[in-house]
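target30.cif follows (mmCIF, C-alpha atoms):
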```cif
data_input
#
loop_
_atom_site.group_PDB
_atom_site.id
_atom_site.type_symbol
_atom_site.label_atom_id
_atom_site.label_comp_id
_atom_site.auth_asym_id
_atom_site.auth_seq_id
_atom_site.Cartn_x
_atom_site.Cartn_y
_atom_site.Cartn_z
ATOM 1 C CA MET A 1 0.000 0.000 0.000
ATOM 2 C CA VAL A 2 1.138 3.564 -0.723
ATOM 3 C CA GLU A 3 1.862 5.923 2.176
ATOM 4 C CA ASN A 4 2.232 9.686 1.884
ATOM 5 C CA LYS A 5 5.546 9.626 3.830
ATOM 6 C CA LYS A 6 7.256 7.324 1.345
ATOM 7 C CA SER A 7 10.042 8.702 -0.837
ATOM 8 C CA ASP A 8 9.685 9.005 -4.594
ATOM 9 C CA ILE A 9 12.027 6.034 -5.049
ATOM 10 C CA ASP A 10 9.874 3.864 -2.781
ATOM 11 C CA LEU A 11 6.728 5.015 -4.587
ATOM 12 C CA THR A 12 8.361 4.169 -7.899
ATOM 13 C CA LYS A 13 9.070 0.616 -6.715
ATOM 14 C CA ASP A 14 5.497 0.362 -5.433
ATOM 15 C CA PHE A 15 4.209 1.553 -8.793
ATOM 16 C CA ILE A 16 6.077 -1.141 -10.728
ATOM 17 C CA ARG A 17 4.786 -3.793 -8.320
ATOM 18 C CA ASP A 18 1.180 -2.563 -8.313
ATOM 19 C CA TYR A 19 1.138 -2.164 -12.093
ATOM 20 C CA GLU A 20 1.941 -5.881 -12.434
ATOM 21 C CA LEU A 21 -0.755 -6.785 -9.889
ATOM 22 C CA PHE A 22 -3.276 -4.517 -11.644
ATOM 23 C CA SER A 23 -2.436 -5.918 -15.088
ATOM 24 C CA ASN A 24 -2.578 -9.553 -13.926
ATOM 25 C CA GLU A 25 -5.946 -8.993 -12.243
ATOM 26 C CA ILE A 26 -7.434 -7.743 -15.530
ATOM 27 C CA LYS A 27 -5.938 -10.674 -17.444
ATOM 28 C CA LYS A 28 -7.998 -13.047 -15.287
ATOM 29 C CA VAL A 29 -10.984 -11.978 -17.387
ATOM 30 C CA ILE A 30 -9.552 -10.501 -20.583
ATOM 31 C CA VAL A 31 -7.786 -13.113 -22.700
ATOM 32 C CA GLY A 32 -4.915 -11.891 -24.882
ATOM 33 C CA GLN A 33 -4.980 -8.164 -25.747
ATOM 34 C CA ASP A 34 -1.895 -7.572 -23.541
ATOM 35 C CA GLU A 35 -0.855 -4.490 -25.511
ATOM 36 C CA ILE A 36 -4.397 -3.077 -25.301
ATOM 37 C CA ILE A 37 -4.424 -3.539 -21.521
ATOM 38 C CA LYS A 38 -1.017 -1.853 -21.243
ATOM 39 C CA GLN A 39 -2.194 1.181 -23.231
ATOM 40 C CA LEU A 40 -5.344 1.508 -21.125
ATOM 41 C CA LEU A 41 -3.391 1.372 -17.873
ATOM 42 C CA ILE A 42 -0.860 3.898 -19.178
ATOM 43 C CA SER A 43 -3.719 6.325 -19.918
ATOM 44 C CA ILE A 44 -5.019 5.901 -16.345
ATOM 45 C CA PHE A 45 -1.605 6.499 -14.754
ATOM 46 C CA CYS A 46 -1.114 9.528 -17.019
ATOM 47 C CA ASN A 47 -4.500 10.993 -16.002
ATOM 48 C CA GLY A 48 -5.721 10.675 -19.583
ATOM 49 C CA HIS A 49 -8.883 9.553 -21.326
ATOM 50 C CA CYS A 50 -9.115 6.668 -23.747
ATOM 51 C CA ILE A 51 -11.360 5.676 -26.657
ATOM 52 C CA ILE A 52 -11.614 2.002 -27.613
ATOM 53 C CA GLU A 53 -12.815 1.134 -31.108
ATOM 54 C CA GLY A 54 -13.959 -2.234 -32.390
ATOM 55 C CA VAL A 55 -16.883 -4.096 -33.895
ATOM 56 C CA PRO A 56 -19.647 -5.275 -31.507
ATOM 57 C CA GLY A 57 -18.893 -8.391 -29.457
ATOM 58 C CA LEU A 58 -15.166 -7.876 -28.813
ATOM 59 C CA ALA A 59 -15.639 -7.303 -25.037
ATOM 60 C CA LYS A 60 -14.932 -3.557 -25.100
ATOM 61 C CA THR A 61 -17.457 -2.946 -22.324
ATOM 62 C CA LEU A 62 -16.254 -5.990 -20.360
ATOM 63 C CA LEU A 63 -12.692 -4.659 -20.509
ATOM 64 C CA VAL A 64 -13.695 -1.321 -18.968
ATOM 65 C CA ARG A 65 -15.905 -3.017 -16.371
ATOM 66 C CA THR A 66 -13.028 -5.293 -15.367
ATOM 67 C CA ILE A 67 -10.741 -2.284 -14.918
ATOM 68 C CA SER A 68 -13.386 -0.608 -12.766
ATOM 69 C CA LYS A 69 -13.599 -3.673 -10.505
ATOM 70 C CA SER A 70 -9.812 -3.558 -10.050
ATOM 71 C CA LEU A 71 -10.042 0.045 -8.843
ATOM 72 C CA GLY A 72 -11.683 1.246 -5.670
ATOM 73 C CA LEU A 73 -13.440 4.053 -7.548
ATOM 74 C CA ASP A 74 -16.967 5.307 -8.199
ATOM 75 C CA PHE A 75 -17.880 3.705 -11.537
ATOM 76 C CA LYS A 76 -20.641 5.079 -13.792
ATOM 77 C CA ARG A 77 -21.806 3.744 -17.135
ATOM 78 C CA ILE A 78 -23.537 5.927 -19.726
ATOM 79 C CA GLN A 79 -25.153 4.119 -22.642
ATOM 80 C CA PHE A 80 -25.088 6.561 -25.549
ATOM 81 C CA THR A 81 -28.186 6.399 -27.752
ATOM 82 C CA PRO A 82 -29.549 8.626 -30.558
ATOM 83 C CA ASP A 83 -32.128 10.222 -28.223
ATOM 84 C CA LEU A 84 -29.724 10.935 -25.327
ATOM 85 C CA MET A 85 -29.676 14.615 -24.281
ATOM 86 C CA PRO A 86 -26.769 16.591 -22.716
ATOM 87 C CA SER A 87 -28.782 17.004 -19.485
ATOM 88 C CA ASP A 88 -29.017 13.198 -19.249
ATOM 89 C CA ILE A 89 -25.224 13.144 -18.847
ATOM 90 C CA VAL A 90 -24.368 16.345 -16.999
ATOM 91 C CA GLY A 91 -27.474 16.722 -14.839
ATOM 92 C CA THR A 92 -30.348 19.176 -14.697
ATOM 93 C CA GLU A 93 -32.022 21.709 -12.447
ATOM 94 C CA VAL A 94 -35.421 20.885 -10.944
ATOM 95 C CA LEU A 95 -37.828 22.764 -8.690
ATOM 96 C CA ASP A 96 -37.916 21.411 -5.153
ATOM 97 C CA GLU A 97 -40.834 21.615 -2.693
ATOM 98 C CA ASN A 98 -39.740 25.168 -1.719
ATOM 99 C CA LYS A 99 -39.909 26.244 -5.380
ATOM 100 C CA ASP A 100 -36.143 26.685 -5.444
ATOM 101 C CA PHE A 101 -34.004 25.317 -8.258
ATOM 102 C CA LYS A 102 -31.874 22.362 -7.228
ATOM 103 C CA PHE A 103 -29.167 20.812 -9.388
ATOM 104 C CA ILE A 104 -29.468 17.030 -9.736
ATOM 105 C CA LYS A 105 -26.089 15.614 -10.718
ATOM 106 C CA GLY A 106 -25.916 13.334 -13.755
ATOM 107 C CA PRO A 107 -23.860 10.158 -14.191
ATOM 108 C CA LEU A 108 -20.836 12.195 -15.275
ATOM 109 C CA PHE A 109 -20.174 12.825 -11.577
ATOM 110 C CA GLY A 110 -18.010 9.794 -10.870
ATOM 111 C CA ASN A 111 -14.381 8.681 -11.016
ATOM 112 C CA LEU A 112 -14.421 6.202 -13.865
ATOM 113 C CA ILE A 113 -16.947 6.926 -16.607
ATOM 114 C CA LEU A 114 -17.748 4.330 -19.249
ATOM 115 C CA ALA A 115 -19.086 6.204 -22.269
ATOM 116 C CA ASP A 116 -20.503 3.165 -24.035
ATOM 117 C CA GLU A 117 -20.917 3.423 -27.829
ATOM 118 C CA ILE A 118 -20.182 7.148 -27.720
ATOM 119 C CA ASN A 119 -20.635 7.537 -31.475
ATOM 120 C CA ARG A 120 -24.238 6.275 -31.346
ATOM 121 C CA THR A 121 -25.362 9.714 -30.127
ATOM 122 C CA PRO A 122 -25.376 13.030 -32.070
ATOM 123 C CA PRO A 123 -22.522 15.588 -31.670
ATOM 124 C CA LYS A 124 -24.723 17.848 -29.501
ATOM 125 C CA THR A 125 -24.681 15.237 -26.744
ATOM 126 C CA GLN A 126 -21.107 14.125 -27.406
ATOM 127 C CA SER A 127 -19.930 17.686 -26.756
ATOM 128 C CA ALA A 128 -21.404 17.579 -23.246
ATOM 129 C CA LEU A 129 -18.241 15.683 -22.265
ATOM 130 C CA LEU A 130 -15.795 18.349 -23.512
ATOM 131 C CA GLU A 131 -15.532 20.532 -20.394
ATOM 132 C CA ALA A 132 -15.471 17.556 -18.033
ATOM 133 C CA MET A 133 -12.670 15.850 -19.972
ATOM 134 C CA GLU A 134 -10.492 18.946 -20.347
ATOM 135 C CA GLU A 135 -11.063 20.853 -17.089
ATOM 136 C CA ARG A 136 -12.431 18.135 -14.780
ATOM 137 C CA SER A 137 -15.407 20.381 -14.046
ATOM 138 C CA ILE A 138 -18.983 20.969 -15.191
ATOM 139 C CA THR A 139 -20.774 24.300 -15.601
ATOM 140 C CA ASN A 140 -24.557 24.383 -15.309
ATOM 141 C CA ALA A 141 -26.745 27.500 -15.094
ATOM 142 C CA GLY A 142 -23.690 29.639 -14.357
ATOM 143 C CA ASN A 143 -22.491 27.412 -11.510
ATOM 144 C CA LYS A 144 -19.235 25.476 -11.747
ATOM 145 C CA TYR A 145 -18.997 22.017 -10.191
ATOM 146 C CA THR A 146 -15.563 20.431 -9.731
ATOM 147 C CA LEU A 147 -15.370 16.714 -10.437
ATOM 148 C CA GLU A 148 -13.784 14.449 -7.863
ATOM 149 C CA LYS A 149 -10.271 13.203 -8.662
ATOM 150 C CA PRO A 150 -9.231 10.911 -10.195
ATOM 151 C CA PHE A 151 -11.538 11.294 -13.204
ATOM 152 C CA PHE A 152 -11.314 9.224 -16.379
ATOM 153 C CA VAL A 153 -13.505 8.775 -19.421
ATOM 154 C CA LEU A 154 -13.053 5.396 -21.092
ATOM 155 C CA ALA A 155 -15.225 5.482 -24.195
ATOM 156 C CA THR A 156 -16.116 2.695 -26.600
ATOM 157 C CA GLN A 157 -17.166 3.242 -30.175
ATOM 158 C CA ASN A 158 -18.140 1.170 -33.171
ATOM 159 C CA PRO A 159 -16.295 1.624 -36.474
ATOM 160 C CA ILE A 160 -17.574 4.801 -38.142
ATOM 161 C CA GLU A 161 -18.388 2.858 -41.304
ATOM 162 C CA GLN A 162 -21.286 1.160 -39.481
ATOM 163 C CA GLU A 163 -24.850 2.443 -39.803
ATOM 164 C CA GLY A 164 -26.277 4.659 -37.080
ATOM 165 C CA THR A 165 -22.954 6.181 -36.017
ATOM 166 C CA TYR A 166 -21.965 9.843 -35.686
ATOM 167 C CA PRO A 167 -18.215 10.498 -36.090
ATOM 168 C CA LEU A 168 -16.777 12.438 -33.149
ATOM 169 C CA PRO A 169 -15.615 15.993 -33.976
ATOM 170 C CA GLU A 170 -11.842 16.549 -34.097
ATOM 171 C CA ALA A 171 -11.980 18.765 -30.980
ATOM 172 C CA GLN A 172 -13.634 15.933 -29.066
ATOM 173 C CA LEU A 173 -11.211 13.287 -30.334
ATOM 174 C CA ASP A 174 -8.237 15.440 -29.324
ATOM 175 C CA ARG A 175 -9.355 15.205 -25.673
ATOM 176 C CA PHE A 176 -8.661 11.482 -25.728
ATOM 177 C CA MET A 177 -5.083 10.535 -24.981
ATOM 178 C CA PHE A 178 -5.275 7.151 -26.709
ATOM 179 C CA ASN A 179 -7.323 5.726 -29.561
ATOM 180 C CA ILE A 180 -7.104 1.955 -29.146
ATOM 181 C CA ILE A 181 -8.200 -0.452 -31.881
ATOM 182 C CA LEU A 182 -9.554 -3.755 -30.572
ATOM 183 C CA ASP A 183 -9.262 -6.569 -33.123
ATOM 184 C CA TYR A 184 -10.618 -10.115 -33.282
ATOM 185 C CA PRO A 185 -8.855 -12.654 -31.020
ATOM 186 C CA SER A 186 -6.904 -15.593 -32.421
ATOM 187 C CA ILE A 187 -8.601 -18.995 -32.608
ATOM 188 C CA GLU A 188 -6.777 -20.225 -29.476
ATOM 189 C CA GLU A 189 -7.663 -17.044 -27.562
ATOM 190 C CA GLU A 190 -11.305 -17.348 -28.576
ATOM 191 C CA ILE A 191 -11.408 -20.961 -27.358
ATOM 192 C CA LEU A 192 -10.063 -19.773 -23.998
ATOM 193 C CA VAL A 193 -12.670 -16.970 -23.912
ATOM 194 C CA VAL A 194 -15.460 -19.522 -24.367
ATOM 195 C CA LYS A 195 -14.024 -21.780 -21.652
ATOM 196 C CA ASN A 196 -13.645 -18.882 -19.214
ATOM 197 C CA ASP A 197 -17.221 -17.826 -19.821
ATOM 198 C CA GLN A 198 -18.378 -21.182 -18.496
ATOM 199 C CA ASN A 199 -16.246 -20.896 -15.355
ATOM 200 C CA ASN A 200 -17.532 -18.025 -13.214
ATOM 201 C CA SER A 201 -14.764 -18.486 -10.647
ATOM 202 C CA LEU A 202 -12.309 -17.028 -13.163
ATOM 203 C CA LEU A 203 -14.369 -13.845 -13.423
ATOM 204 C CA LYS A 204 -13.817 -12.704 -9.832
ATOM 205 C CA VAL A 205 -11.728 -9.526 -9.834
ATOM 206 C CA ASN A 206 -10.265 -8.023 -6.667
ATOM 207 C CA PRO A 207 -9.711 -4.285 -6.071
ATOM 208 C CA ILE A 208 -6.003 -3.479 -6.384
ATOM 209 C CA LEU A 209 -5.713 0.318 -6.196
ATOM 210 C CA SER A 210 -7.553 3.161 -4.475
ATOM 211 C CA GLY A 211 -8.113 6.651 -5.830
ATOM 212 C CA THR A 212 -5.419 8.095 -3.547
ATOM 213 C CA GLU A 213 -2.864 5.555 -4.769
ATOM 214 C CA ILE A 214 -3.657 6.338 -8.419
ATOM 215 C CA ILE A 215 -3.190 10.072 -7.808
ATOM 216 C CA ASN A 216 0.147 9.420 -6.062
ATOM 217 C CA TYR A 217 1.322 7.285 -8.957
ATOM 218 C CA GLN A 218 0.225 9.921 -11.482
ATOM 219 C CA LYS A 219 2.483 12.404 -9.664
ATOM 220 C CA ILE A 220 5.402 9.969 -9.764
ATOM 221 C CA VAL A 221 4.976 9.439 -13.511
ATOM 222 C CA SER A 222 4.831 13.182 -14.197
ATOM 223 C CA LYS A 223 8.049 13.774 -12.193
ATOM 224 C CA LEU A 224 10.150 11.412 -14.298
ATOM 225 C CA PRO A 225 12.952 13.343 -16.076
ATOM 226 C CA VAL A 226 13.073 13.321 -19.880
ATOM 227 C CA PRO A 227 16.301 13.836 -21.883
ATOM 228 C CA ASP A 228 16.287 16.754 -24.333
ATOM 229 C CA ASN A 229 16.937 14.489 -27.319
ATOM 230 C CA VAL A 230 13.816 12.455 -26.481
ATOM 231 C CA VAL A 231 11.679 15.612 -26.259
ATOM 232 C CA ARG A 232 13.077 16.824 -29.587
ATOM 233 C CA TYR A 233 12.416 13.454 -31.223
ATOM 234 C CA ALA A 234 8.786 13.454 -30.016
ATOM 235 C CA VAL A 235 8.169 17.013 -31.210
ATOM 236 C CA ASN A 236 9.780 16.311 -34.594
ATOM 237 C CA LEU A 237 7.676 13.173 -34.900
ATOM 238 C CA VAL A 238 4.434 15.071 -34.285
ATOM 239 C CA SER A 239 5.499 18.002 -36.501
ATOM 240 C CA SER A 240 6.181 15.628 -39.383
ATOM 241 C CA THR A 241 2.447 14.743 -39.472
ATOM 242 C CA ARG A 242 1.598 18.306 -40.561
ATOM 243 C CA PRO A 243 1.433 18.571 -44.375
ATOM 244 C CA LYS A 244 1.793 22.376 -44.395
ATOM 245 C CA LEU A 245 5.343 22.091 -43.033
ATOM 246 C CA LYS A 246 6.299 19.904 -46.040
ATOM 247 C CA MET A 247 8.757 17.899 -43.925
ATOM 248 C CA ASN A 248 7.735 14.638 -45.576
ATOM 249 C CA GLU A 249 6.553 14.207 -49.172
ATOM 250 C CA PHE A 250 4.437 11.178 -48.243
ATOM 251 C CA ILE A 251 2.563 13.244 -45.620
ATOM 252 C CA THR A 252 2.095 16.148 -48.020
ATOM 253 C CA ASN A 253 0.473 13.788 -50.533
ATOM 254 C CA TYR A 254 -1.786 11.804 -48.215
ATOM 255 C CA VAL A 255 -2.634 13.894 -45.112
ATOM 256 C CA ASP A 256 -5.054 16.801 -44.746
ATOM 257 C CA TRP A 257 -4.392 17.681 -41.097
ATOM 258 C CA GLY A 258 -1.678 16.690 -38.676
ATOM 259 C CA ALA A 259 -1.487 16.414 -34.895
ATOM 260 C CA GLY A 260 -1.208 19.445 -32.600
ATOM 261 C CA PRO A 261 1.002 20.226 -29.579
ATOM 262 C CA ARG A 262 -1.299 18.248 -27.258
ATOM 263 C CA ALA A 263 -0.084 15.115 -29.046
ATOM 264 C CA SER A 264 3.542 16.006 -28.262
ATOM 265 C CA LYS A 265 2.722 16.479 -24.579
ATOM 266 C CA ASN A 266 0.771 13.232 -24.458
ATOM 267 C CA ILE A 267 3.564 11.274 -26.137
ATOM 268 C CA ILE A 268 6.149 12.493 -23.623
ATOM 269 C CA LEU A 269 3.870 11.776 -20.654
ATOM 270 C CA ALA A 270 2.925 8.307 -21.945
ATOM 271 C CA SER A 271 6.571 7.493 -22.721
ATOM 272 C CA LYS A 272 7.434 8.265 -19.083
ATOM 273 C CA CYS A 273 4.860 5.736 -17.883
ATOM 274 C CA HIS A 274 5.938 3.188 -20.508
ATOM 275 C CA ALA A 275 9.541 3.522 -19.333
ATOM 276 C CA LEU A 276 8.578 3.163 -15.673
ATOM 277 C CA ILE A 277 6.557 -0.023 -16.123
ATOM 278 C CA ASN A 278 9.590 -1.484 -17.896
ATOM 279 C CA GLY A 279 11.867 -0.653 -14.956
ATOM 280 C CA LYS A 280 13.489 2.446 -16.474
ATOM 281 C CA TYR A 281 13.705 5.759 -14.645
ATOM 282 C CA SER A 282 13.824 7.900 -17.780
ATOM 283 C CA PRO A 283 12.189 7.388 -21.206
ATOM 284 C CA ASP A 284 14.155 6.897 -24.392
ATOM 285 C CA ILE A 285 13.248 7.053 -28.072
ATOM 286 C CA GLU A 286 12.021 3.438 -28.041
ATOM 287 C CA ASP A 287 9.429 4.389 -25.396
ATOM 288 C CA VAL A 288 8.281 7.274 -27.612
ATOM 289 C CA LYS A 289 7.871 4.915 -30.575
ATOM 290 C CA ALA A 290 5.951 2.399 -28.424
ATOM 291 C CA VAL A 291 3.215 4.889 -27.478
ATOM 292 C CA SER A 292 3.060 7.029 -30.626
ATOM 293 C CA LYS A 293 0.590 5.074 -32.760
ATOM 294 C CA PRO A 294 -2.464 5.129 -30.412
ATOM 295 C CA ILE A 295 -1.777 8.795 -29.589
ATOM 296 C CA LEU A 296 -1.468 9.953 -33.204
ATOM 297 C CA ARG A 297 -4.072 7.629 -34.730
ATOM 298 C CA HIS A 298 -7.079 9.898 -34.078
ATOM 299 C CA ARG A 299 -5.221 13.172 -34.603
ATOM 300 C CA VAL A 300 -4.008 12.624 -38.164
ATOM 301 C CA ILE A 301 -6.669 13.187 -40.829
ATOM 302 C CA LYS A 302 -5.929 11.533 -44.168
ATOM 303 C CA ASN A 303 -7.102 13.047 -47.455
ATOM 304 C CA TYR A 304 -9.215 11.703 -50.314
ATOM 305 C CA LYS A 305 -6.148 10.423 -52.170
ATOM 306 C CA ALA A 306 -5.178 8.200 -49.235
ATOM 307 C CA GLU A 307 -8.784 7.037 -48.949
ATOM 308 C CA SER A 308 -9.003 6.138 -52.635
ATOM 309 C CA GLU A 309 -5.705 4.243 -52.553
ATOM 310 C CA GLY A 310 -6.672 2.315 -49.412
ATOM 311 C CA ILE A 311 -3.916 3.760 -47.225
ATOM 312 C CA SER A 312 -4.773 3.545 -43.516
ATOM 313 C CA ILE A 313 -3.856 5.963 -40.741
ATOM 314 C CA ASP A 314 -1.690 3.284 -39.115
ATOM 315 C CA GLN A 315 0.254 2.878 -42.369
ATOM 316 C CA ILE A 316 0.817 6.641 -42.470
ATOM 317 C CA ILE A 317 2.118 6.668 -38.871
ATOM 318 C CA GLU A 318 4.357 3.659 -39.538
ATOM 319 C CA LYS A 319 5.787 5.498 -42.539
ATOM 320 C CA ILE A 320 6.672 8.458 -40.286
ATOM 321 C CA LEU A 321 8.204 6.242 -37.610
#
```

Would you mind giving the structure from this file in structure tokens?
Amino acid sequence: MVENKKSDIDLTKDFIRDYELFSNEIKKVIVGQDEIIKQLLISIFCNGHCIIEGVPGLAKTLLVRTISKSLGLDFKRIQFTPDLMPSDIVGTEVLDENKDFKFIKGPLFGNLILADEINRTPPKTQSALLEAMEERSITNAGNKYTLEKPFFVLATQNPIEQEGTYPLPEAQLDRFMFNIILDYPSIEEEILVVKNDQNNSLLKVNPILSGTEIINYQKIVSKLPVPDNVVRYAVNLVSSTRPKLKMNEFITNYVDWGAGPRASKNIILASKCHALINGKYSPDIEDVKAVSKPILRHRVIKNYKAESEGISIDQIIEKIL
């Protein structure tokens, strides 16, 4: 357990230990997907939000629920539907018996928010999350309400090519630290999934971390020193996604918009956490490369030429790397 009087070195050792415990607890339920689990946990320890994309039936919701059971936090699930209104998420004012307006808090007031199928609701309702995700607060009728820390939004979405989906605006996507793509399991993994589903004893997940411990670990991650050459590499990497700078002919030909400075900051922060969970006390260029794809994936907008030639965003990022 983490104590406030512990030194940063002791907290760092505790972090590495608790990360392994946390990860192993999730793997009791989630078969395979080790890299996906790592990216999700990095976003939590970096105080970031995460969007998970995949076709229905790939256990996106189960993954988030399993994480919530491993954390001693207030968990809220919001099922996004076409008729969902912003007040259904944020809350609304009602008249009480004294004819005074009283604010009734919505499900957004929690620690871990599962925004399930976020792209099944129109942009008007999607945008209700913007202030909460960026400022960890909600403004209603001129009153500002601060959200309790830690606060994370883990959203799931179906591929935008499916019917009945509303693509998230770029400003909304930029609030998410990671965009994780969940793919089909292998045959052997799927067999294990089916077996586990018939054995309820394997589905018991124990709480590993409290909110206070997560906040302490977030501070430790943010304190990690970063060499200047690693910062320069990350910034150059993000800058090379911008076609207007003409740093890369491939990008100029196939990209409409590149990533902004928030991507650079997120890459450095995530690389710190990636280094720490691998026993390193400072990130290097390999850590930057390891976290770059899910951070850049939703911030690079390809053009019609790339679309017509079947070039994916991941292929564009791999070309840059």

* Apply the PyMOL selection byres ((chain A and resi 12-22) around 9) to the structure shown and report the selected residues as a PyMOL selection string. => chain A and resi 1-2+7-11+23-27+41+67+70-71+207-209+217+220-221+276-279+281

* Long-range neighbours of A:Ile138 as a VMD selection string, 10 Å cut-off, all atoms listed in the file, 5 positions minimum in chain -> chain A and resid 90 to 91 105 108 to 109 128 to 133 143 to 147

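With only C-alpha atoms as the basis for measurement, A:Val29 is the residue among A:Val231, A:Val29, A:Cys46, A:Ile320 that approaches A:Glu189 most closely.
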
* To do: Please write as a PyMOL selection string the full residue list that the PyMOL selection byres ((chain A and resi 156) around 12) yields on this file.
  => chain A and resi 49-65+77-80+113-120+153-155+157-160+168+176+178-182

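Atom CA of A:Ala234 is found 6.1 Å from atom CA of A:Ser264.
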
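Taking atom CA of A:Thr125 and atom CA of A:Ile89 as the two end points, the separation is 8.2 Å.
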